[in-house]
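What follows is coords32.txt (compact mmCIF, C-alpha atoms).
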# COMPACT_ATOMS: atom_id res chain seq x y z
CA MET A 1 1.20 47.09 -18.36
CA THR A 2 -2.29 45.63 -18.18
CA THR A 3 -2.69 42.41 -16.27
CA THR A 4 -6.39 41.72 -16.48
CA PRO A 5 -7.20 38.04 -17.13
CA GLY A 6 -8.72 38.94 -20.47
CA ALA A 7 -5.68 40.90 -21.59
CA LEU A 8 -3.31 38.14 -20.49
CA ILE A 9 -5.15 35.43 -22.40
CA LYS A 10 -5.72 37.57 -25.49
CA SER A 11 -2.06 38.49 -25.55
CA SER A 12 -1.18 34.78 -25.43
CA HIS A 13 -3.68 33.75 -28.09
CA ASN A 14 -2.54 36.58 -30.38
CA SER A 15 1.16 35.85 -29.95
CA SER A 16 1.52 33.89 -33.17
CA SER A 17 0.02 33.94 -36.64
CA VAL A 18 -2.24 31.03 -35.74
CA SER A 19 -5.89 32.01 -35.38
CA VAL A 20 -7.46 30.73 -32.16
CA ARG A 21 -11.22 30.11 -32.03
CA ALA A 22 -13.12 32.84 -30.18
CA ASP A 23 -14.91 30.35 -27.90
CA LEU A 24 -11.58 28.90 -26.81
CA THR A 25 -10.28 32.36 -25.96
CA SER A 26 -13.48 33.16 -24.04
CA ALA A 27 -13.31 29.91 -22.04
CA HIS A 28 -9.67 30.47 -21.12
CA ILE A 29 -10.38 34.07 -20.09
CA GLU A 30 -13.23 32.90 -17.87
CA VAL A 31 -11.14 30.33 -16.00
CA TRP A 32 -8.23 32.81 -15.69
CA GLU A 33 -10.65 35.29 -14.10
CA ALA A 34 -11.82 32.64 -11.63
CA LEU A 35 -8.25 31.55 -10.91
CA ALA A 36 -7.36 34.75 -9.05
CA SER A 37 -10.74 35.27 -7.39
CA PRO A 38 -11.92 33.89 -4.05
CA GLY A 39 -13.29 30.41 -4.62
CA THR A 40 -15.55 28.19 -2.55
CA TRP A 41 -12.90 27.10 -0.03
CA TRP A 42 -9.70 28.99 -0.92
CA THR A 43 -8.94 32.73 -1.17
CA GLY A 44 -7.65 34.25 -4.40
CA HIS A 45 -4.18 34.41 -2.86
CA GLU A 46 -4.30 30.70 -1.92
CA ARG A 47 -5.69 29.73 -5.32
CA LEU A 48 -2.79 31.48 -7.03
CA ALA A 49 -0.31 29.73 -4.72
CA ILE A 50 -1.84 26.40 -5.79
CA ALA A 51 -1.71 27.49 -9.44
CA GLN A 52 1.95 28.43 -9.12
CA ILE A 53 2.89 24.94 -7.90
CA ILE A 54 0.97 23.37 -10.78
CA ARG A 55 2.79 25.63 -13.21
CA ILE A 56 6.18 24.69 -11.79
CA ALA A 57 5.31 20.99 -11.91
CA ILE A 58 4.15 20.92 -15.53
CA GLU A 59 6.91 23.19 -16.83
CA GLU A 60 9.86 21.32 -15.33
CA GLU A 61 11.85 19.36 -17.89
CA GLN A 62 12.82 16.81 -15.25
CA PRO A 63 10.00 16.66 -12.68
CA VAL A 64 10.79 15.43 -9.19
CA PRO A 65 9.89 11.71 -9.06
CA PRO A 66 6.60 10.90 -7.33
CA TRP A 67 8.35 9.34 -4.34
CA GLU A 68 10.40 12.49 -3.64
CA SER A 69 9.34 15.72 -1.92
CA ALA A 70 9.51 18.67 -4.33
CA SER A 71 9.33 21.14 -1.43
CA SER A 72 12.23 19.51 0.44
CA LEU A 73 14.35 19.64 -2.70
CA GLY A 74 13.78 23.39 -2.97
CA ARG A 75 11.84 23.13 -6.22
CA LEU A 76 8.85 25.08 -4.91
CA THR A 77 9.41 28.71 -4.05
CA GLU A 78 7.07 31.63 -3.56
CA THR A 79 4.15 29.31 -3.05
CA GLY A 80 2.64 31.27 -0.20
CA PRO A 81 0.57 30.01 2.66
CA LEU A 82 0.39 26.28 1.89
CA SER A 83 2.00 23.59 4.07
CA ALA A 84 4.92 21.61 2.66
CA GLU A 85 2.81 18.42 2.61
CA LEU A 86 0.08 20.11 0.60
CA GLN A 87 2.60 21.68 -1.78
CA ASP A 88 4.04 18.21 -2.46
CA ALA A 89 0.57 16.76 -3.03
CA ILE A 90 -0.34 19.48 -5.51
CA TYR A 91 2.97 18.99 -7.32
CA ARG A 92 2.34 15.25 -7.58
CA LEU A 93 -1.21 15.77 -8.85
CA ALA A 94 0.13 17.99 -11.62
CA ALA A 95 3.25 16.01 -12.53
CA HIS A 96 2.31 12.40 -11.79
CA ALA A 97 -1.48 12.10 -11.51
CA GLY A 98 -1.39 8.52 -12.78
CA THR A 99 0.55 7.43 -9.67
CA LEU A 100 -2.03 8.58 -7.12
CA THR A 101 -3.70 5.93 -4.99
CA GLU A 102 -6.45 5.88 -2.40
CA ASP A 103 -3.86 5.25 0.35
CA TRP A 104 -1.96 8.30 -0.80
CA TYR A 105 -5.14 10.37 -0.65
CA SER A 106 -5.89 9.14 2.89
CA ARG A 107 -2.37 10.01 4.04
CA LEU A 108 -2.68 13.44 2.44
CA ARG A 109 -5.86 14.11 4.38
CA ASP A 110 -4.32 12.93 7.64
CA ALA A 111 -1.16 15.01 7.14
CA THR A 112 -2.79 18.24 6.02
CA ALA A 113 -6.36 18.15 7.39
CA ILE A 114 -7.51 19.23 3.95
CA THR A 115 -11.21 18.60 3.38
CA PRO A 116 -12.42 16.65 0.33
CA GLU A 117 -14.08 19.82 -0.96
CA GLN A 118 -10.83 21.79 -0.64
CA TRP A 119 -9.07 19.01 -2.57
CA VAL A 120 -11.74 19.12 -5.29
CA GLU A 121 -11.11 22.85 -5.62
CA VAL A 122 -7.37 22.15 -5.94
CA ILE A 123 -8.26 19.84 -8.84
CA GLU A 124 -10.41 22.57 -10.38
CA ILE A 125 -7.40 24.89 -10.30
CA ALA A 126 -5.20 22.18 -11.81
CA ALA A 127 -7.78 21.67 -14.57
CA SER A 128 -7.72 25.37 -15.43
CA VAL A 129 -3.95 25.79 -15.30
CA VAL A 130 -3.04 22.68 -17.30
CA SER A 131 -5.69 23.53 -19.91
CA VAL A 132 -4.50 27.07 -20.51
CA LEU A 133 -0.76 26.46 -20.28
CA ARG A 134 -0.65 23.19 -22.20
CA PHE A 135 -2.82 24.61 -24.99
CA ALA A 136 -0.40 27.52 -25.36
CA GLU A 137 2.61 25.24 -25.27
CA VAL A 138 1.31 22.77 -27.84
CA LEU A 139 0.33 25.58 -30.18
CA GLY A 140 3.60 27.47 -29.72
CA LEU A 141 1.98 30.51 -28.11
CA GLU A 142 3.42 32.62 -25.33
CA LYS A 143 2.20 31.24 -22.04
CA PRO A 144 0.13 33.77 -20.06
CA ASP A 145 1.18 35.00 -16.63
CA PHE A 146 -1.24 34.64 -13.76
CA PRO A 147 -3.45 37.64 -13.01
CA PRO A 148 -3.07 39.37 -9.62
CA ALA A 149 -5.08 37.98 -6.72
CA ILE A 150 -8.44 39.51 -5.93
CA GLY A 151 -9.26 40.01 -2.26
CA GLY A 152 -12.23 38.60 -0.42
CA GLU A 153 -13.32 35.51 1.41
CA PRO A 154 -14.30 32.13 -0.04
CA SER A 155 -18.04 31.49 -0.19
CA ARG A 156 -17.80 28.28 1.89
CA LYS A 157 -21.10 27.17 0.40
CA THR A 158 -21.62 23.49 1.02
CA GLN A 159 -23.40 20.93 -1.14
CA PRO A 160 -25.25 17.78 0.00
CA SER A 161 -22.35 15.58 -1.06
CA LYS A 162 -22.08 12.03 0.21
CA PRO A 163 -19.44 9.29 0.15
CA ALA A 164 -19.25 7.78 -3.30
CA LYS A 165 -18.71 4.28 -4.61
CA HIS A 166 -16.78 5.38 -7.67
CA HIS A 167 -14.61 8.16 -6.22
CA TRP A 168 -12.35 8.95 -3.26
CA VAL A 169 -14.12 12.26 -2.87
CA PRO A 170 -17.79 12.67 -1.96
CA VAL A 171 -20.22 13.60 -4.73
CA VAL A 172 -23.73 14.97 -5.04
CA HIS A 173 -26.02 12.27 -6.36
CA LEU A 174 -28.44 13.00 -9.16
CA GLU A 175 -31.53 12.79 -6.95
CA GLU A 176 -30.08 15.44 -4.62
CA MET A 177 -29.36 18.01 -7.32
CA THR A 178 -29.10 21.57 -6.02
CA GLU A 179 -29.79 24.85 -7.78
CA GLU A 180 -26.07 25.37 -8.40
CA LEU A 181 -25.73 21.94 -10.01
CA ALA A 182 -28.90 22.17 -12.10
CA PRO A 183 -27.10 23.43 -15.23
CA TYR A 184 -25.02 20.24 -15.25
CA TYR A 185 -27.51 17.68 -13.93
CA GLN A 186 -30.87 18.76 -15.32
CA GLY A 187 -32.41 16.44 -17.89
CA LEU A 188 -29.93 13.65 -17.32
CA THR A 189 -30.89 10.17 -16.20
CA ILE A 190 -27.34 9.10 -15.54
CA LEU A 191 -24.11 10.97 -14.92
CA PRO A 192 -20.76 9.47 -15.92
CA PRO A 193 -18.54 9.16 -12.81
CA VAL A 194 -15.90 11.52 -14.17
CA VAL A 195 -18.50 14.25 -14.65
CA ARG A 196 -19.89 13.72 -11.14
CA ALA A 197 -16.41 13.76 -9.60
CA LEU A 198 -16.29 17.51 -8.99
CA SER A 199 -19.93 17.97 -7.94
CA SER A 200 -19.17 18.85 -4.31
CA VAL A 201 -17.86 22.18 -5.64
CA PRO A 202 -20.19 23.60 -8.34
CA SER A 203 -17.60 26.13 -9.52
CA ALA A 204 -15.37 23.18 -10.39
CA MET A 205 -18.22 21.68 -12.40
CA ALA A 206 -18.60 25.00 -14.17
CA ALA A 207 -14.91 25.03 -15.14
CA LEU A 208 -15.09 21.43 -16.37
CA PHE A 209 -18.15 22.03 -18.54
CA LEU A 210 -16.84 25.32 -19.90
CA LEU A 211 -13.42 23.96 -20.82
CA SER A 212 -14.64 20.61 -22.17
CA SER A 213 -17.18 22.28 -24.41
CA ALA A 214 -14.55 24.55 -25.97
CA GLN A 215 -11.58 22.18 -26.00
CA TYR A 216 -13.28 18.87 -26.72
CA ILE A 217 -16.97 18.54 -27.57
CA PRO A 218 -19.92 20.64 -26.40
CA MET A 219 -21.75 18.60 -23.76
CA GLN A 220 -25.01 18.66 -25.70
CA GLU A 221 -23.23 17.14 -28.73
CA MET A 222 -21.52 14.31 -26.84
CA ALA A 223 -23.93 11.64 -28.02
CA ASP A 224 -23.58 12.61 -31.68
CA LEU A 225 -20.74 10.43 -32.88
CA ASN A 226 -20.53 12.24 -36.18
CA TRP A 227 -20.25 15.67 -34.61
CA SER A 228 -17.37 17.80 -35.84
CA ARG A 229 -16.35 21.46 -35.95
CA GLY A 230 -15.40 20.86 -39.56
CA THR A 231 -11.78 20.19 -38.65
CA LEU A 232 -11.12 17.03 -36.64
CA SER A 233 -13.56 14.17 -37.14
CA ARG A 234 -14.93 12.48 -34.03
CA ARG A 235 -12.56 9.56 -34.70
CA GLN A 236 -9.60 11.93 -34.82
CA ILE A 237 -10.72 13.65 -31.62
CA GLU A 238 -10.99 10.33 -29.79
CA PHE A 239 -7.68 9.16 -31.22
CA VAL A 240 -5.88 12.21 -29.81
CA ALA A 241 -7.73 11.87 -26.49
CA GLY A 242 -6.88 8.19 -26.16
CA ARG A 243 -3.23 8.60 -27.06
CA LEU A 244 -2.74 11.46 -24.58
CA SER A 245 -4.54 9.51 -21.84
CA ALA A 246 -2.34 6.47 -22.50
CA HIS A 247 0.79 8.62 -22.21
CA ARG A 248 -0.48 9.85 -18.86
CA GLU A 249 -1.27 6.27 -17.80
CA CYS A 250 -4.81 7.23 -16.92
CA PHE A 251 -6.83 4.03 -16.48
CA TYR A 252 -10.15 5.84 -16.50
CA MET B 1 -10.90 8.02 -21.52
CA MET B 2 -14.04 9.24 -23.31
CA LEU B 3 -12.69 7.30 -26.26
CA ARG B 4 -13.95 4.13 -24.71
CA ALA B 5 -17.26 5.58 -23.67
CA SER B 6 -18.07 6.62 -27.19
CA SER B 7 -16.55 3.73 -29.05
CA SER B 8 -18.46 1.18 -27.01
CA VAL B 9 -21.88 2.42 -28.09
CA ASN B 10 -21.36 2.46 -31.83
CA ASP B 11 -19.65 0.56 -34.58
CA MET B 12 -16.61 2.82 -34.58
CA GLU B 13 -13.67 0.51 -35.13
CA VAL B 14 -10.71 1.60 -33.11
CA ASP B 15 -7.24 0.28 -33.83
CA LEU B 16 -5.99 -0.13 -30.28
CA ASN B 17 -2.39 -0.52 -31.40
CA ALA B 18 -2.54 2.90 -33.02
CA ILE B 19 -3.55 4.48 -29.74
CA GLN B 20 -0.35 3.43 -28.00
CA GLY B 21 2.04 2.38 -30.75
CA GLU B 22 2.88 3.37 -34.31
CA ALA B 23 0.03 5.25 -35.92
CA ILE B 24 -0.58 4.68 -39.61
CA ASP B 25 -2.83 6.91 -41.68
CA SER B 26 -6.05 5.23 -42.73
CA SER B 27 -9.55 6.06 -43.77
CA ALA B 28 -10.60 5.44 -40.16
CA VAL B 29 -8.29 8.06 -38.68
CA VAL B 30 -7.08 10.54 -41.27
CA ALA B 31 -3.66 12.09 -40.53
CA ALA B 32 -3.21 9.64 -37.63
CA SER B 33 0.56 9.74 -37.91
CA ALA B 34 0.76 13.54 -37.74
CA LEU B 35 -1.74 13.65 -34.87
CA ALA B 36 0.19 11.00 -32.97
CA ASN B 37 3.46 12.85 -33.49
CA LEU B 38 1.90 16.04 -32.08
CA VAL B 39 0.63 14.21 -28.98
CA ASP B 40 3.94 12.39 -28.49
CA ALA B 41 6.02 15.56 -28.86
CA SER B 42 3.76 17.43 -26.44
CA VAL B 43 4.37 14.83 -23.75
CA ASN B 44 7.85 13.47 -24.37
CA ASN B 45 9.81 15.78 -26.61
CA LEU B 46 8.98 19.47 -26.67
CA GLU B 47 11.90 20.10 -29.01
CA ASN B 48 9.97 18.22 -31.69
CA LEU B 49 6.83 20.33 -31.32
CA ASP B 50 7.71 22.78 -34.11
CA ALA B 51 8.17 19.92 -36.57
CA ALA B 52 5.05 18.14 -35.33
CA ARG B 53 2.95 21.27 -35.76
CA ALA B 54 4.26 21.79 -39.29
CA GLU B 55 3.60 18.16 -40.18
CA LEU B 56 -0.01 18.37 -39.03
CA VAL B 57 -0.63 21.64 -40.88
CA ASP B 58 0.82 20.07 -44.04
CA ALA B 59 -1.47 17.07 -43.63
CA THR B 60 -4.57 19.08 -42.71
CA ASP B 61 -4.74 22.82 -42.02
CA GLU B 62 -4.11 25.39 -39.30
CA ALA B 63 -7.62 25.21 -37.83
CA THR B 64 -7.19 21.48 -37.34
CA LEU B 65 -3.92 22.11 -35.51
CA VAL B 66 -5.71 24.49 -33.14
CA ASP B 67 -8.42 21.93 -32.42
CA ALA B 68 -5.88 19.14 -31.89
CA ALA B 69 -4.00 21.32 -29.39
CA ALA B 70 -7.29 21.98 -27.61
CA VAL B 71 -8.09 18.25 -27.35
CA ILE B 72 -4.62 17.60 -25.93
CA ALA B 73 -5.17 20.36 -23.37
CA ASN B 74 -8.57 18.93 -22.51
CA PHE B 75 -7.23 15.49 -21.76
CA GLU B 76 -4.34 16.89 -19.76
CA MET B 77 -7.21 18.29 -17.68
CA MET B 78 -9.34 15.13 -17.64
CA THR B 79 -6.48 12.89 -16.53
CA ARG B 80 -5.90 15.11 -13.47
CA ILE B 81 -9.62 15.12 -12.67
CA ALA B 82 -10.04 11.35 -13.02
CA ASP B 83 -6.85 10.42 -11.17
CA GLY B 84 -7.08 13.20 -8.57
CA THR B 85 -10.59 12.19 -7.51
CA GLY B 86 -9.98 8.43 -7.77
CA THR B 87 -12.76 8.08 -10.32
CA ARG B 88 -13.62 4.49 -11.12
CA HIS B 89 -15.79 3.01 -13.83
CA THR B 90 -19.01 1.33 -12.83
CA SER B 91 -18.89 -2.47 -12.72
CA ASP B 92 -21.03 -2.91 -15.84
CA ARG B 93 -18.76 -0.48 -17.71
CA MET B 94 -15.71 -2.43 -16.55
CA GLU B 95 -17.27 -5.64 -17.89
CA SER B 96 -18.06 -4.07 -21.25
CA MET B 97 -14.49 -2.73 -21.48
CA ALA B 98 -12.74 -5.92 -20.41
CA ASP B 99 -11.39 -6.82 -23.84
CA ILE B 100 -10.12 -3.30 -24.45
CA THR B 101 -8.43 -2.91 -21.06
CA THR B 102 -6.71 -6.27 -21.44
CA ALA B 103 -5.61 -5.62 -25.01
CA MET B 104 -4.17 -2.24 -24.10
CA GLY B 105 -2.53 -3.45 -20.88
CA LEU B 106 -4.35 -0.81 -18.88
CA HIS B 107 -4.40 -2.97 -15.76
CA ASP B 108 -0.65 -2.38 -15.53
CA PHE B 109 -1.27 1.30 -14.87
CA ILE B 110 -0.93 2.36 -11.22
CA SER B 111 -4.16 4.29 -11.71
CA ALA B 112 -5.96 0.94 -12.21
CA ARG B 113 -5.14 -0.21 -8.66
CA ARG B 114 -7.58 1.83 -6.68
Rewritten as structure tokens:
Amino acid sequence: MTTTPGALIKSSHNSSSVSVRADLTSAHIEVWEALASPGTWWTGHERLAIAQIIRIAIEEEQPVPPWESASSLGRLTETGPLSAELQDAIYRLAAHAGTLTEDWYSRLRDATAITPEQWVEVIEIAASVVSVLRFAEVLGLEKPDFPPAIGGEPSRKTQPSKPAKHHWVPVVHLEEMTEELAPYYQGLTILPPVVRALSSVPSAMAALFLLSSAQYIPMQEMADLNWSRGTLSRRQIEFVAGRLSAHRECFY
Amino acid sequence: MMLRASSSVNDMEVDLNAIQGEAIDSSAVVAASALANLVDASVNNLENLDAARAELVDATDEATLVDAAAVIANFEMMTRIADGTGTRHTSDRMESMADITTAMGLHDFISARR
């Protein structure tokens, strides 16, 4: 049985009579390939352990409440090398993101010694996993398995990120753009905070731009309020986005 | 989230009640009811997803269903990014959104208390 990322995603997207856009399939293949590969701060094995917790959290019919420890309740198994505190934090990010606070983030850092950049990469993994699995679920497709981990060390490449006024995590400011961030920063005079949020880890920015362009609106079309793929109008797109965000109690 | 960013720079009229409450089809948001039912089923009632998918295909077409599923997936992603990084709006954005955030009761969200 083949387990390449491409084969896993194609098998999922071809599992019903519904025809999935080719750019969506390509984007999901790309993030599935990255999921199992060494990242910037985590190995492929660690990234898959993080992904597995996210999968458990979003697939549970009755998630553990945010004030409970999923690991203590035995809900997280086969999650590899991660500490119990970090497992619980990842579970809460996936299942109850709207309940996170700055105090919670500070306690997480104290308890686990996780760096802000490692946390940003956790969020990148969450972004990839929830995108691929929720898309399949909503469309009634078979959900793809994770690909096997690829060996190797993380790149540990740092960025000139600095404490930020509009985030808990440090970000790279526009005037300190690096080569890795140029594809996302170049030509812009201002960056919305949510786009800047992942800038301390350029691979996370890459995942965000890739997925948003295929799932939502291509970045270069964002300012065109009449843009459409010929299916949903911009109003319909924003209606769906707003309703989902309200369900998730996301203030931003 | 990006709803507010885009709606604040144009004359797009957004029925805020429809975002959170009962959605009624209109010329502003075609197939709003079917779209809302798909979103609601995806979050709160997976058993209703089959019916919600069929309703949206009846109201529109299969390609629209695919794109709606993709937007849902995207904002499942964006909510984790915004809330996981503690992303806040700038103060001038908060001022421009004041009426909307009050009308929608967004200050009651835990994610507003950063």
Determine which residues of chain A sit within 7 Å of chain B, taking into account all atoms listed in the file, and present them as number ranges by chain. A: 18, 20, 93-94, 97-102, 123, 127, 130-131, 134-135, 138-139, 166-169, 193-194, 197, 212, 215-216, 231-232, 235-246, 249-252
Straight-line distance linking atom CA of Ser69 of chain A with atom CA of Asp88 of chain A, stated in Å to one decimal: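 It comes out at 5.9 Å.
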Proximity to Trp32 of chain A - best of A:Ser19, A:Glu221, A:Ala149, A:Leu188, only C-alpha atoms: A:Ala149
To one decimal place, how far is atom CA of Glu59 of chain A from atom CA of Ala54 of chain B in Å?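 Taking atom CA of Glu59 of chain A and atom CA of Ala54 of chain B, their separation equals 22.7 Å.
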Which of these residues is nearest to His247 of chain A, using all atoms listed in the file: A:Ile9, A:His96, A:Tyr105, A:Leu141? A:His96
I want to know what sits within 12 Å of Phe209 of chain A, based on all atoms listed in the file, with residues of the same chain fewer than 5 positions away left out; could you give that as a PyMOL selection string? (chain A and resi 27+30-31+124+127-128+181+183-185+194-196+198-199+202-204+214-220+222) or (chain B and resi 74+77-78)
Who sits within 12 Å of Arg75 of chain A, all atoms listed in the file, same chain under 6 positions skipped, as a PyMOL selection string: chain A and resi 52-57+59-60+62-65+68-69+84+87-88+91
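A straight line drawn from atom CA of Ser26 of chain A to atom CA of Pro144 of chain A is 14.2 Å long.
Neighbours of Leu225 of chain A closer than or equal to 7 Å, with all atoms listed in the file counted and sequence neighbours fewer than 2 positions away skipped, come out as Ala223, Trp227 and Arg234 of chain A.
Closest approach to Ser213 of chain A among A:Glu46, A:Glu121, A:Asp23, A:Asp110 is made by A:Asp23 (distances from only C-alpha atoms).
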Return segment 54-65 of chain B, completed with N, CA, C and O atoms, as a compact mmCIF listing (two decimals), in the coordinates of the input.
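Saved file rebuild.txt follows:
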# COMPACT_ATOMS: atom_id res chain seq x y z
N ALA B 54 4.14 21.60 -37.84
CA ALA B 54 4.26 21.79 -39.29
C ALA B 54 3.74 20.58 -40.05
O ALA B 54 3.05 20.71 -41.08
N GLU B 55 4.05 19.40 -39.52
CA GLU B 55 3.60 18.16 -40.18
C GLU B 55 2.08 18.08 -40.20
O GLU B 55 1.48 17.72 -41.22
N LEU B 56 1.45 18.45 -39.08
CA LEU B 56 -0.01 18.37 -39.03
C LEU B 56 -0.66 19.43 -39.93
O LEU B 56 -1.66 19.15 -40.60
N VAL B 57 -0.08 20.61 -39.99
CA VAL B 57 -0.63 21.64 -40.88
C VAL B 57 -0.49 21.21 -42.34
O VAL B 57 -1.41 21.40 -43.15
N ASP B 58 0.63 20.59 -42.67
CA ASP B 58 0.82 20.07 -44.04
C ASP B 58 -0.25 19.03 -44.37
O ASP B 58 -0.77 18.99 -45.48
N ALA B 59 -0.53 18.17 -43.39
CA ALA B 59 -1.47 17.07 -43.63
C ALA B 59 -2.92 17.54 -43.60
O ALA B 59 -3.79 16.93 -44.22
N THR B 60 -3.18 18.61 -42.85
CA THR B 60 -4.57 19.08 -42.71
C THR B 60 -4.61 20.59 -42.95
O THR B 60 -4.47 21.03 -44.06
N ASP B 61 -4.79 21.36 -41.90
CA ASP B 61 -4.74 22.82 -42.02
C ASP B 61 -4.54 23.41 -40.62
O ASP B 61 -4.51 22.70 -39.63
N GLU B 62 -4.42 24.71 -40.57
CA GLU B 62 -4.11 25.39 -39.30
C GLU B 62 -5.25 25.27 -38.28
O GLU B 62 -5.00 25.12 -37.08
N ALA B 63 -6.49 25.32 -38.77
CA ALA B 63 -7.62 25.21 -37.83
C ALA B 63 -7.65 23.84 -37.17
O ALA B 63 -8.04 23.70 -36.00
N THR B 64 -7.24 22.83 -37.91
CA THR B 64 -7.19 21.48 -37.34
C THR B 64 -6.10 21.39 -36.28
O THR B 64 -6.29 20.74 -35.24
N LEU B 65 -4.98 22.06 -36.52
CA LEU B 65 -3.92 22.11 -35.51
C LEU B 65 -4.43 22.73 -34.21
O LEU B 65 -4.17 22.22 -33.12
